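Participant: Got a file for you: start-v7.cif, mmCIF, C-alpha atoms and all ligand atoms.
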```cif
data_work
#
loop_
_atom_site.label_atom_id
_atom_site.label_comp_id
_atom_site.auth_asym_id
_atom_site.auth_seq_id
_atom_site.Cartn_x
_atom_site.Cartn_y
_atom_site.Cartn_z
CA MET A 1101 0.00 0.00 0.00
CA ASN A 1102 1.11 3.54 -0.67
CA ASP A 1103 -0.45 6.99 -0.51
CA ASN A 1104 0.28 7.94 -4.13
CA TYR A 1105 -3.32 8.82 -4.78
CA LEU A 1106 -3.65 11.11 -1.76
CA MET A 1107 -3.01 14.83 -2.02
CA PRO A 1108 0.08 15.58 0.05
CA THR A 1109 -1.66 18.02 2.41
CA TYR A 1110 -0.33 16.34 5.56
CA ALA A 1111 3.19 15.68 6.85
CA ARG A 1112 2.15 12.32 8.22
CA GLN A 1113 4.02 10.26 10.78
CA PRO A 1114 5.16 6.76 9.73
CA LEU A 1115 2.46 5.10 11.76
CA SER A 1116 -0.99 3.65 11.20
CA PHE A 1117 -3.44 2.11 13.62
CA THR A 1118 -5.85 -0.74 13.20
CA ARG A 1119 -7.67 -0.70 16.54
CA GLY A 1120 -8.40 1.53 19.51
CA GLU A 1121 -9.70 0.96 23.00
CA GLY A 1122 -9.92 3.59 25.74
CA VAL A 1123 -6.73 5.64 25.78
CA TRP A 1124 -4.82 3.06 23.70
CA LEU A 1125 -4.21 2.75 19.96
CA TYR A 1126 -2.81 -0.45 18.41
CA ASP A 1127 -1.05 -1.14 15.11
CA SER A 1128 -1.42 -4.32 13.06
CA ASP A 1129 1.40 -5.99 15.02
CA GLY A 1130 -0.44 -5.38 18.27
CA ARG A 1131 1.98 -2.73 19.48
CA ALA A 1132 0.24 -0.18 21.74
CA TRP A 1133 0.53 3.61 22.04
CA LEU A 1134 -0.88 5.74 24.84
CA ASP A 1135 -2.93 8.37 23.05
CA GLY A 1136 -2.07 11.86 24.29
CA VAL A 1137 -3.70 13.51 21.28
CA SER A 1138 -7.24 11.99 21.10
CA GLY A 1139 -7.36 12.56 17.34
CA ILE A 1140 -6.83 16.29 18.12
CA ALA A 1141 -9.28 16.74 21.01
CA VAL A 1142 -11.93 14.61 19.30
CA CYS A 1143 -12.02 11.26 21.11
CA ASN A 1144 -12.68 12.77 24.54
CA LEU A 1145 -14.39 9.51 25.59
CA GLY A 1146 -11.43 7.50 24.29
CA HIS A 1147 -11.54 5.07 21.41
CA CYS A 1148 -14.63 2.96 20.77
CA HIS A 1149 -16.43 3.96 23.97
CA PRO A 1150 -19.17 1.31 24.30
CA ALA A 1151 -22.02 3.83 24.84
CA VAL A 1152 -21.03 5.70 21.67
CA SER A 1153 -20.32 2.64 19.52
CA ARG A 1154 -23.62 1.09 20.58
CA ALA A 1155 -25.64 4.25 19.74
CA LEU A 1156 -23.86 4.58 16.40
CA ALA A 1157 -24.35 0.92 15.44
CA ARG A 1158 -28.02 0.81 16.45
CA GLN A 1159 -28.86 4.02 14.61
CA ALA A 1160 -26.94 2.81 11.55
CA GLU A 1161 -29.32 -0.14 11.43
CA THR A 1162 -32.41 2.03 11.96
CA LEU A 1163 -32.10 5.28 9.98
CA VAL A 1164 -28.98 7.09 8.76
CA HIS A 1165 -30.07 10.18 6.84
CA THR A 1166 -33.22 11.97 5.76
CA SER A 1167 -32.09 15.62 5.11
CA ASN A 1168 -33.37 18.76 6.77
CA LEU A 1169 -36.43 18.78 4.56
CA TYR A 1170 -38.01 16.85 7.45
CA ARG A 1171 -38.12 17.04 11.27
CA ILE A 1172 -35.36 15.07 12.99
CA ASP A 1173 -36.18 14.07 16.55
CA ALA A 1174 -32.59 13.34 17.63
CA GLN A 1175 -31.52 16.76 16.29
CA ALA A 1176 -34.13 18.52 18.44
CA ARG A 1177 -33.06 16.54 21.50
CA LEU A 1178 -29.34 17.20 20.92
CA ALA A 1179 -30.09 20.91 20.50
CA GLU A 1180 -31.93 20.97 23.82
CA ALA A 1181 -29.15 19.13 25.65
CA LEU A 1182 -26.42 21.42 24.30
CA CYS A 1183 -28.41 24.62 24.88
CA GLU A 1184 -29.07 23.57 28.46
CA LEU A 1185 -25.36 22.93 29.06
CA ALA A 1186 -24.29 26.20 27.44
CA GLY A 1187 -27.10 28.45 28.69
CA MET A 1188 -27.93 29.12 25.03
CA ASP A 1189 -31.29 29.16 23.23
CA LYS A 1190 -31.03 27.59 19.77
CA ALA A 1191 -28.70 25.36 17.74
CA PHE A 1192 -27.76 24.83 14.10
CA PHE A 1193 -25.94 21.62 13.15
CA CYS A 1194 -23.20 21.09 10.59
CA ASN A 1195 -20.30 18.66 10.13
CA SER A 1196 -17.09 20.31 11.33
CA GLY A 1197 -15.55 23.13 13.32
CA ALA A 1198 -14.86 25.34 10.33
CA GLU A 1199 -18.47 25.00 9.23
CA ALA A 1200 -19.72 25.90 12.70
CA ASN A 1201 -17.58 29.04 12.55
CA GLU A 1202 -18.86 29.81 9.04
CA ALA A 1203 -22.38 29.78 10.51
CA ALA A 1204 -21.23 32.15 13.27
CA ILE A 1205 -19.62 34.50 10.73
CA LYS A 1206 -22.81 34.52 8.65
CA ILE A 1207 -24.92 35.27 11.74
CA ALA A 1208 -22.62 38.21 12.58
CA ARG A 1209 -22.84 39.63 9.07
CA LEU A 1210 -26.61 39.31 8.85
CA TYR A 1211 -26.91 40.83 12.32
CA GLY A 1212 -24.80 43.77 11.09
CA HIS A 1213 -26.70 44.30 7.86
CA ARG A 1214 -29.98 44.30 9.77
CA ARG A 1215 -28.58 47.19 11.83
CA GLY A 1216 -27.63 49.12 8.69
CA ILE A 1217 -23.90 48.29 8.71
CA ASP A 1218 -22.83 47.78 5.07
CA VAL A 1219 -19.40 46.20 5.65
CA PRO A 1220 -19.84 44.27 8.90
CA THR A 1221 -16.48 43.54 10.48
CA ILE A 1222 -15.52 40.82 12.99
CA VAL A 1223 -12.69 41.21 15.50
CA VAL A 1224 -10.38 38.17 15.61
CA LEU A 1225 -7.21 37.63 17.63
CA GLU A 1226 -3.55 37.02 17.03
CA SER A 1227 -2.52 33.32 16.96
CA ALA A 1228 -6.19 32.32 16.69
CA PHE A 1229 -7.26 29.16 14.87
CA HIS A 1230 -10.76 28.97 13.41
CA GLY A 1231 -10.45 26.55 10.47
CA ARG A 1232 -9.38 26.14 6.85
CA THR A 1233 -12.30 27.38 4.75
CA MET A 1234 -11.68 30.78 3.15
CA ALA A 1235 -13.54 32.81 5.81
CA THR A 1236 -12.24 30.81 8.78
CA LEU A 1237 -8.71 30.81 7.30
CA THR A 1238 -8.96 34.59 7.15
CA ALA A 1239 -10.08 34.63 10.79
CA THR A 1240 -7.14 32.39 11.71
CA GLY A 1241 -4.10 34.35 12.92
CA ASN A 1242 -1.44 32.40 11.04
CA VAL A 1243 0.15 34.11 8.03
CA LYS A 1244 1.84 30.86 6.94
CA ALA A 1245 -1.48 29.05 6.65
CA GLN A 1246 -2.94 31.96 4.69
CA GLN A 1247 -0.04 32.39 2.29
CA GLY A 1248 -0.88 31.65 -1.33
CA PHE A 1249 -4.64 31.73 -0.77
CA GLU A 1250 -5.10 35.45 -1.26
CA PRO A 1251 -7.37 37.25 -1.78
CA LEU A 1252 -8.54 36.58 1.75
CA VAL A 1253 -12.08 37.38 2.82
CA ALA A 1254 -12.91 41.00 3.72
CA GLY A 1255 -14.55 41.99 6.99
CA PHE A 1256 -12.05 40.94 9.68
CA VAL A 1257 -9.82 43.05 11.92
CA ARG A 1258 -7.16 41.60 14.23
CA ALA A 1259 -6.35 42.42 17.85
CA PRO A 1260 -3.72 41.08 20.28
CA TRP A 1261 -4.55 38.07 22.46
CA ASN A 1262 -5.84 38.58 26.00
CA ASP A 1263 -6.09 42.38 25.70
CA VAL A 1264 -9.62 43.78 26.08
CA GLU A 1265 -8.35 47.38 25.99
CA ALA A 1266 -6.84 46.82 22.54
CA ILE A 1267 -10.22 45.54 21.34
CA ARG A 1268 -11.95 48.52 22.95
CA ALA A 1269 -9.54 50.82 21.08
CA LEU A 1270 -10.74 49.30 17.76
CA ALA A 1271 -14.21 50.66 18.49
CA ALA A 1272 -12.80 54.17 18.14
CA THR A 1273 -11.22 53.51 14.72
CA HIS A 1274 -13.84 51.17 13.23
CA ASN A 1275 -17.54 52.01 13.19
CA ASN A 1276 -18.52 48.78 11.44
CA ILE A 1277 -17.61 46.13 14.04
CA VAL A 1278 -20.44 43.68 14.70
CA ALA A 1279 -18.82 40.82 16.62
CA VAL A 1280 -15.74 39.46 18.39
CA LEU A 1281 -14.75 35.84 17.69
CA VAL A 1282 -12.38 34.24 20.23
CA GLU A 1283 -11.30 30.88 21.64
CA PRO A 1284 -11.68 30.71 25.46
CA VAL A 1285 -8.32 28.89 25.48
CA GLN A 1286 -6.25 28.99 22.30
CA GLY A 1287 -5.45 25.41 21.30
CA GLU A 1288 -3.47 25.42 18.02
CA GLY A 1289 -2.03 28.80 19.04
CA GLY A 1290 -0.08 27.10 21.86
CA VAL A 1291 -2.49 26.27 24.72
CA ARG A 1292 -2.81 29.90 25.71
CA VAL A 1293 -5.05 30.47 28.74
CA PRO A 1294 -6.26 34.08 29.11
CA SER A 1295 -6.39 35.94 32.42
CA ALA A 1296 -9.51 35.17 34.47
CA ASP A 1297 -11.12 38.55 33.76
CA PHE A 1298 -10.63 38.41 29.97
CA LEU A 1299 -13.97 36.83 29.03
CA PRO A 1300 -16.07 38.78 31.59
CA GLN A 1301 -14.52 42.07 30.42
CA LEU A 1302 -14.99 41.11 26.78
CA ARG A 1303 -18.64 40.27 27.56
CA ALA A 1304 -19.10 43.73 29.11
CA LEU A 1305 -17.43 45.44 26.15
CA CYS A 1306 -19.62 43.58 23.64
CA ASP A 1307 -22.75 44.54 25.60
CA GLU A 1308 -21.65 48.16 25.71
CA GLN A 1309 -20.98 48.24 21.95
CA ASP A 1310 -23.87 46.00 20.87
CA TRP A 1311 -21.38 43.52 19.39
CA LEU A 1312 -21.95 39.77 19.37
CA LEU A 1313 -19.59 37.81 21.60
CA MET A 1314 -18.83 34.64 19.63
CA LEU A 1315 -16.86 31.88 21.36
CA ASP A 1316 -15.09 29.24 19.31
CA GLU A 1317 -15.33 26.17 21.57
CA VAL A 1318 -14.51 23.72 18.81
CA GLN A 1319 -11.53 22.47 20.82
CA THR A 1320 -12.38 23.64 24.37
CA GLY A 1321 -15.95 22.35 24.38
CA ASN A 1322 -17.29 18.90 25.25
CA GLY A 1323 -15.54 18.65 28.60
CA ARG A 1324 -11.97 19.30 27.53
CA THR A 1325 -11.34 22.08 30.09
CA GLY A 1326 -13.23 20.46 32.99
CA ARG A 1327 -16.68 21.98 32.38
CA TYR A 1328 -18.94 21.11 29.47
CA PHE A 1329 -17.96 24.38 27.81
CA ALA A 1330 -14.94 26.48 28.81
CA CYS A 1331 -17.15 29.57 29.19
CA ASN A 1332 -18.94 27.82 32.07
CA HIS A 1333 -15.83 28.47 34.19
CA SER A 1334 -16.30 32.24 34.05
CA GLY A 1335 -20.11 32.28 33.98
CA VAL A 1336 -19.98 34.21 30.70
CA THR A 1337 -22.75 33.40 28.23
CA PRO A 1338 -21.81 34.33 24.66
CA ASP A 1339 -24.27 35.35 21.94
CA VAL A 1340 -22.88 32.66 19.64
CA LEU A 1341 -20.98 29.50 20.62
CA THR A 1342 -19.49 27.05 18.14
CA THR A 1343 -18.33 23.52 18.85
CA ALA A 1344 -17.34 20.34 16.98
CA LYS A 1345 -14.33 18.03 17.63
CA GLY A 1346 -15.37 16.19 20.82
CA LEU A 1347 -19.09 16.49 20.06
CA GLY A 1348 -19.18 13.29 18.00
CA ASN A 1349 -16.15 11.55 19.57
CA GLY A 1350 -15.06 10.87 15.97
CA PHE A 1351 -18.35 11.10 14.15
CA PRO A 1352 -18.08 14.37 12.16
CA ILE A 1353 -20.56 16.85 13.62
CA GLY A 1354 -20.46 20.53 14.51
CA ALA A 1355 -22.88 22.95 16.12
CA CYS A 1356 -23.44 26.68 16.22
CA LEU A 1357 -25.49 27.80 19.24
CA ALA A 1358 -27.12 31.20 19.58
CA ALA A 1359 -28.62 33.18 22.47
CA GLY A 1360 -30.34 36.51 22.99
CA LYS A 1361 -30.06 38.91 20.08
CA ALA A 1362 -28.33 36.28 17.88
CA VAL A 1363 -31.22 33.81 18.15
CA ASP A 1364 -33.57 35.07 15.48
CA VAL A 1365 -30.98 36.30 12.98
CA PHE A 1366 -31.23 33.23 10.75
CA GLY A 1367 -34.60 32.52 9.15
CA PRO A 1368 -35.67 29.96 6.55
CA GLY A 1369 -33.30 29.99 3.58
CA ASN A 1370 -30.48 31.90 5.32
CA HIS A 1371 -28.30 28.89 6.00
CA GLY A 1372 -28.31 25.13 5.63
CA SER A 1373 -26.46 21.85 5.30
CA THR A 1374 -27.36 18.62 3.54
CA TYR A 1375 -25.82 16.28 6.13
CA GLY A 1376 -25.83 18.61 9.14
CA GLY A 1377 -27.69 17.20 12.13
CA ASN A 1378 -28.70 13.93 10.48
CA PRO A 1379 -30.16 11.08 12.57
CA LEU A 1380 -26.91 9.11 12.68
CA GLY A 1381 -24.78 12.08 13.77
CA CYS A 1382 -27.22 13.42 16.33
CA THR A 1383 -27.97 10.05 17.95
CA THR A 1384 -24.24 9.42 18.27
CA ALA A 1385 -23.59 12.92 19.64
CA LEU A 1386 -26.43 12.55 22.16
CA ALA A 1387 -24.72 9.46 23.56
CA VAL A 1388 -21.45 11.42 23.70
CA VAL A 1389 -23.00 14.45 25.43
CA GLU A 1390 -24.87 12.40 28.02
CA THR A 1391 -21.85 10.24 28.85
CA LEU A 1392 -19.54 13.24 29.12
CA ARG A 1393 -22.02 15.21 31.23
CA ASP A 1394 -23.11 12.46 33.60
CA GLU A 1395 -20.04 10.24 33.96
CA VAL A 1396 -16.82 11.86 32.81
CA ILE A 1397 -16.65 15.64 33.19
CA PRO A 1398 -16.93 15.64 37.01
CA GLY A 1399 -13.44 14.05 37.18
CA VAL A 1400 -11.66 16.16 34.59
CA THR A 1401 -10.50 19.13 36.69
CA ARG A 1402 -8.91 16.83 39.26
CA LYS A 1403 -7.18 14.81 36.52
CA GLY A 1404 -5.93 17.99 34.85
CA GLU A 1405 -4.48 19.24 38.13
CA ALA A 1406 -2.77 15.90 38.73
CA LEU A 1407 -1.32 15.98 35.20
CA VAL A 1408 0.08 19.50 35.55
CA ALA A 1409 1.43 18.82 39.06
CA GLY A 1410 3.04 15.57 37.92
CA LEU A 1411 4.66 17.20 34.89
CA ARG A 1412 5.92 20.16 36.93
CA ASP A 1413 7.50 17.80 39.42
CA ALA A 1414 9.05 15.54 36.75
CA LEU A 1415 10.41 18.45 34.70
CA LYS A 1416 11.39 20.85 37.48
CA ASP A 1417 15.13 20.55 36.87
CA LEU A 1418 14.95 21.17 33.13
CA PRO A 1419 15.95 24.75 32.28
CA LEU A 1420 14.58 24.50 28.74
CA VAL A 1421 11.02 24.11 30.08
CA ARG A 1422 9.52 27.59 30.23
CA GLU A 1423 6.00 27.00 31.46
CA ILE A 1424 3.48 24.20 32.05
CA ARG A 1425 -0.10 25.44 31.80
CA GLY A 1426 -3.59 24.41 30.86
CA GLN A 1427 -7.19 24.07 31.90
CA GLY A 1428 -8.63 20.63 32.60
CA LEU A 1429 -7.08 18.15 30.17
CA ILE A 1430 -5.73 20.57 27.58
CA VAL A 1431 -2.18 21.03 28.78
CA GLY A 1432 0.76 22.77 27.15
CA ILE A 1433 4.44 22.45 28.02
CA GLU A 1434 6.21 25.44 26.51
CA LEU A 1435 9.93 25.07 25.84
CA ASP A 1436 12.44 27.83 25.11
CA ARG A 1437 13.00 26.52 21.55
CA ASP A 1438 11.30 24.68 18.70
CA CYS A 1439 10.85 21.06 19.71
CA GLY A 1440 9.04 19.14 16.96
CA GLU A 1441 11.51 16.25 17.49
CA ILE A 1442 9.71 15.39 20.73
CA VAL A 1443 6.86 13.84 18.74
CA ALA A 1444 9.15 11.08 17.40
CA LEU A 1445 10.97 10.63 20.72
CA ALA A 1446 7.64 10.06 22.45
CA ARG A 1447 6.37 7.80 19.68
CA ASP A 1448 9.40 5.51 20.01
CA ASN A 1449 8.48 5.20 23.67
CA GLY A 1450 4.81 4.28 23.04
CA LEU A 1451 3.27 7.74 23.46
CA LEU A 1452 1.45 10.00 21.01
CA VAL A 1453 1.81 13.74 21.61
CA ASN A 1454 1.50 16.80 19.44
CA VAL A 1455 3.70 19.89 19.22
CA THR A 1456 1.93 23.11 18.28
CA ALA A 1457 3.06 26.72 17.74
CA GLY A 1458 6.60 25.34 17.26
CA ARG A 1459 7.62 25.00 20.89
CA VAL A 1460 4.56 23.86 22.85
CA VAL A 1461 4.09 20.15 23.59
CA ARG A 1462 0.30 19.85 23.68
CA LEU A 1463 -1.35 17.07 25.66
CA LEU A 1464 -5.00 16.25 24.92
CA PRO A 1465 -5.53 12.80 26.45
CA PRO A 1466 -8.99 11.19 26.43
CA LEU A 1467 -10.94 12.52 29.42
CA ILE A 1468 -11.65 8.94 30.57
CA ILE A 1469 -7.95 8.41 31.35
CA SER A 1470 -7.41 6.49 34.62
CA GLU A 1471 -5.05 7.44 37.42
CA ALA A 1472 -2.57 4.73 36.44
CA GLU A 1473 -2.69 5.82 32.80
CA LEU A 1474 -2.14 9.44 33.87
CA ALA A 1475 1.00 8.32 35.67
CA THR A 1476 2.17 6.60 32.47
CA LEU A 1477 1.38 9.76 30.48
CA ILE A 1478 3.44 11.89 32.87
CA GLU A 1479 6.29 9.38 32.89
CA ARG A 1480 6.50 8.99 29.09
CA THR A 1481 6.01 12.69 28.35
CA SER A 1482 8.73 13.79 30.72
CA ALA A 1483 11.03 11.03 29.41
CA ALA A 1484 10.60 12.34 25.85
CA ILE A 1485 11.28 15.93 26.89
CA LYS A 1486 14.34 14.84 28.88
CA ALA A 1487 15.62 12.89 25.88
CA PHE A 1488 15.14 16.02 23.76
CA ALA A 1489 17.05 18.09 26.34
CA ARG A 1490 19.96 15.60 26.25
CA GLN A 1491 20.03 15.77 22.42
CA GLN A 1492 20.11 19.55 22.58
CA GLU A 1493 22.99 19.51 25.06
CA ALA A 1494 24.97 17.09 22.88
CA ALA A 1495 24.42 19.20 19.74
C1 LIG A 1501 -9.94 22.34 15.05
C2 LIG A 1501 -10.48 23.70 15.23
C3 LIG A 1501 -11.29 24.31 14.25
C4 LIG A 1501 -11.56 23.66 12.91
O1 LIG A 1501 -12.30 22.50 13.03
P1 LIG A 1501 -12.43 21.50 11.75
O2 LIG A 1501 -13.39 20.46 12.23
O3 LIG A 1501 -11.06 20.99 11.46
O4 LIG A 1501 -12.97 22.31 10.64
C5 LIG A 1501 -11.82 25.55 14.52
N1 LIG A 1501 -11.57 26.19 15.68
C6 LIG A 1501 -10.80 25.64 16.65
C7 LIG A 1501 -10.59 26.38 17.92
C8 LIG A 1501 -10.22 24.40 16.45
O5 LIG A 1501 -9.42 23.87 17.40
#
```
The structure given in the file should be rewritten as structure tokens.
Facilitator:
Amino acid sequence: MNDNYLMPTYARQPLSFTRGEGVWLYDSDGRAWLDGVSGIAVCNLGHCHPAVSRALARQAETLVHTSNLYRIDAQARLAEALCELAGMDKAFFCNSGAEANEAAIKIARLYGHRRGIDVPTIVVLESAFHGRTMATLTATGNVKAQQGFEPLVAGFVRAPWNDVEAIRALAATHNNIVAVLVEPVQGEGGVRVPSADFLPQLRALCDEQDWLLMLDEVQTGNGRTGRYFACNHSGVTPDVLTTAKGLGNGFPIGACLAAGKAVDVFGPGNHGSTYGGNPLGCTTALAVVETLRDEVIPGVTRKGEALVAGLRDALKDLPLVREIRGQGLIVGIELDRDCGEIVALARDNGLLVNVTAGRVVRLLPPLIISEAELATLIERTSAAIKAFARQQEAA
């Protein structure tokens, strides 16, 4: 087998899995890796969680797809469950994070036009990640990812991360701002956790200016930070909240939730999706949401604290480690230099990790990880970083 017929969009690792169970992935020889990536914050319930696999299999034998020309009971129930968890009012379903953000961007623009703003503009932040479609790529704060795809989409203005005053200053120079789109914790941008007053102050600023506060919880949602949504920590309710990744635990599904003045922006014909919210996806996601909410999320904060404490202790003598930070089970270990080599060092030792923003080892283990598995995660992660430090000394 070779990948000659695949577009070379990914720098793939020389590794392929045939089976997964809990926090473990196996290759065809039966060799096991501890999964510290969860398919990029997707398999929050681990691999092949029985409640999810059962719901998926049963629904696959009952009814897969009907389109949104008809009522879908599971879609209505999933919307209610998510809105209750987020404190939001209504949901629109799609198939990915970028699509959820596209829905948010369209809501913001329509909201602006209805208020007589001809070129509605959305504030986005430095080092943000919002997806790969043209609008979400424009919203993403990564020049390298944007390069070659110009012209980018109009109607975005960028502000520094974690700086409400800088966003407030934009109000003086731009009279066409309609919304602010931010991640409660930046994932791809390097596991950046804002100061505790960032979201509350941003909420107040948006209220003052009549802007929509739009939170991208594609990565932080579905229990990753220790609450169902990261905004639950600060008690801030956004006007628009997007999520995807962990929502289907691997089944592709995304959602855009709206509250307050964002609720009745979309009417019939304003937006849509052929697959979005189909019976198979929504039944699967309902099993995910209920399992996360009732059985898994209550333990996440404690596990996250144990992970950070364990890593800090294991790495305390390593001068090249700058900071270990996170919220719940999204944890970043920032080094003082680029460290992509750590991925291979960990892999050779039976651990999957990801390095993002060049120098941040990002850990996103399944939220169902046990205490013993957490100890293995800490042990193998610190071993890989120590091996990297030795290589750097020798070089
Ligand atoms: C992954 C991610 C996206 C894009 O999601 P896709 O499903 O890949 O389109 C958007 N925003 C954030 C914060 C993400 O982490």
Participant: Every residue with an atom at most 10 Å from (-11.1, 27.9, 4.8) (file coordinates; all atoms listed in the file) is what I'm after, so could you write them as a PyMOL selection string?
Facilitator: chain A and resi 1198-1199+1202+1230-1240+1245-1246+1249+1252-1253
Participant: Kindly work out which residues sit at most 9 Å from ligand LIG 1501 (chain A), using only C-alpha atoms and all ligand atoms, and give the list as JSON, numbers by chain.
Facilitator: {"A": [1140, 1141, 1195, 1196, 1197, 1198, 1199, 1200, 1201, 1228, 1229, 1230, 1231, 1232, 1233, 1236, 1240, 1282, 1283, 1284, 1285, 1286, 1287, 1288, 1289, 1316, 1317, 1318, 1319, 1320, 1342, 1343, 1344, 1345, 1352, 1353, 1354]}
Participant: Suppose you want the space between atom CA of A:Glu1308 and atom CA of A:His1274; what is it in Å?
Facilitator: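 So the answer is 15.0 Å.
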Participant: Could you state the separation of atom CA of A:His1333 and atom CA of A:Val1223 in Å, given to one decimal place?
Facilitator: 22.8 Å
Participant: May I have the residues within 7 Å of stretch 1462-1466 of chain A as a list in words, using all atoms listed in the file and disregarding those fewer than 2 positions away in the same chain?
Facilitator: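 Listed by chain and then number, they are Val1123, Asp1135, Gly1136, Val1137, Ser1138, Ala1141, Cys1143, Asn1144, Leu1145, Gly1146, Leu1429, Ile1430, Val1431, Gly1432, Ile1433, Val1453, Asn1454, Val1455, Thr1456, Val1460, Ile1468 and Ile1469 of chain A.
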Participant: Print the selection's residues with C-alpha atoms to a file, as a short mmCIF file (atom, residue, chain, number, x, y, z; two decimals), in the frame of the given file.
Facilitator:
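Written out: out23.cif:
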```cif
data_model
loop_
_atom_site.label_atom_id
_atom_site.label_comp_id
_atom_site.auth_asym_id
_atom_site.auth_seq_id
_atom_site.Cartn_x
_atom_site.Cartn_y
_atom_site.Cartn_z
CA VAL A 1123 -6.73 5.64 25.78
CA ASP A 1135 -2.93 8.37 23.05
CA GLY A 1136 -2.07 11.86 24.29
CA VAL A 1137 -3.70 13.51 21.28
CA SER A 1138 -7.24 11.99 21.10
CA ALA A 1141 -9.28 16.74 21.01
CA CYS A 1143 -12.02 11.26 21.11
CA ASN A 1144 -12.68 12.77 24.54
CA LEU A 1145 -14.39 9.51 25.59
CA GLY A 1146 -11.43 7.50 24.29
CA LEU A 1429 -7.08 18.15 30.17
CA ILE A 1430 -5.73 20.57 27.58
CA VAL A 1431 -2.18 21.03 28.78
CA GLY A 1432 0.76 22.77 27.15
CA ILE A 1433 4.44 22.45 28.02
CA VAL A 1453 1.81 13.74 21.61
CA ASN A 1454 1.50 16.80 19.44
CA VAL A 1455 3.70 19.89 19.22
CA THR A 1456 1.93 23.11 18.28
CA VAL A 1460 4.56 23.86 22.85
CA ILE A 1468 -11.65 8.94 30.57
CA ILE A 1469 -7.95 8.41 31.35
#
```
Participant: Just give me the gap between atom CA of A:Ile1172 and atom CA of A:Glu1395 in Å, one decimal is fine.
Facilitator: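 Between these atoms lies a distance of 26.4 Å.
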Participant: Neighbourhood query: residues within 12 Å of (6.6, 11.8, 28.5), file coordinates, counting all atoms listed in the file; return as number ranges by chain.
Facilitator: A: 1134-1136, 1407, 1410-1412, 1414-1415, 1433, 1442-1454, 1461-1463, 1473-1488
Participant: Here is a test: counting all atoms listed in the file, which residue of A:Phe1329, A:Tyr1375, A:Tyr1211, A:Phe1117 is nearest to A:Gly1130?
Facilitator: A:Phe1117
Participant: Return the single residue from A:Gly1381, A:Gly1323, A:Gly1248, A:Pro1398 that is closest to A:Ala1157, with distances computed using all atoms listed in the file.
Facilitator: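 That would be A:Gly1381, the residue with the smallest distance to A:Ala1157.
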Participant: Between A:Phe1256, A:Trp1311, A:Phe1298, A:Phe1351, which has the minimum distance to A:Val1224 (counting all atoms listed in the file)?
Facilitator: A:Phe1256
Participant: So, with only C-alpha atoms as the atoms that count, which of A:Thr1384, A:Val1291, A:Lys1416, A:Leu1392 lies closest to A:Gly1458?
Facilitator: A:Val1291
Participant: Would you please work out which residue, of A:Leu1210, A:Ala1385, A:Ala1489, A:Cys1306, is nearest to A:Leu1182 when using all atoms listed in the file?
Facilitator: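 Among the listed residues, A:Ala1385 lies closest to A:Leu1182.
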Participant: Please return the centre and edge lengths, in Å to one decimal, of a box with edges along x, y and z that contains all listed atoms of stretch 1372-1383 of chain A, widened by 6 Å on every side, as AutoDock Vina command-line options.
Facilitator:
```
--center_x -27.5 --center_y 17.1 --center_z 10.7 --size_x 17.4 --size_y 28.0 --size_z 26.4
```
Participant: Between A:Arg1171, A:Arg1215, A:Arg1268, A:Arg1209, single out the one closest to A:Gln1309, counting all atoms listed in the file.
Facilitator: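 Among A:Arg1171, A:Arg1215, A:Arg1268, A:Arg1209, it is A:Arg1268 that comes nearest to A:Gln1309.
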Participant: If we count all atoms listed in the file and set the cut-off at 9 Å, which residues sit around stretch 1277-1280 of chain A, ignoring sequence neighbours fewer than 5 positions away in its own chain? Please answer as a short mmCIF file (atom, residue, chain, number, x, y, z; two decimals) with C-alpha atoms, in the coordinates of the input.
Facilitator:
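And here's out36.cif as it stands now:
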```
data_model
loop_
_atom_site.label_atom_id
_atom_site.label_comp_id
_atom_site.auth_asym_id
_atom_site.auth_seq_id
_atom_site.Cartn_x
_atom_site.Cartn_y
_atom_site.Cartn_z
CA ILE A 1205 -19.62 34.50 10.73
CA ALA A 1208 -22.62 38.21 12.58
CA ARG A 1209 -22.84 39.63 9.07
CA TYR A 1211 -26.91 40.83 12.32
CA GLY A 1212 -24.80 43.77 11.09
CA ILE A 1217 -23.90 48.29 8.71
CA VAL A 1219 -19.40 46.20 5.65
CA PRO A 1220 -19.84 44.27 8.90
CA THR A 1221 -16.48 43.54 10.48
CA ILE A 1222 -15.52 40.82 12.99
CA VAL A 1223 -12.69 41.21 15.50
CA VAL A 1224 -10.38 38.17 15.61
CA LEU A 1225 -7.21 37.63 17.63
CA GLY A 1255 -14.55 41.99 6.99
CA PHE A 1256 -12.05 40.94 9.68
CA VAL A 1257 -9.82 43.05 11.92
CA ILE A 1267 -10.22 45.54 21.34
CA LEU A 1270 -10.74 49.30 17.76
CA ALA A 1271 -14.21 50.66 18.49
CA LEU A 1302 -14.99 41.11 26.78
CA CYS A 1306 -19.62 43.58 23.64
CA GLN A 1309 -20.98 48.24 21.95
CA ASP A 1310 -23.87 46.00 20.87
CA TRP A 1311 -21.38 43.52 19.39
CA LEU A 1312 -21.95 39.77 19.37
CA LEU A 1313 -19.59 37.81 21.60
CA MET A 1314 -18.83 34.64 19.63
CA LEU A 1315 -16.86 31.88 21.36
#
```
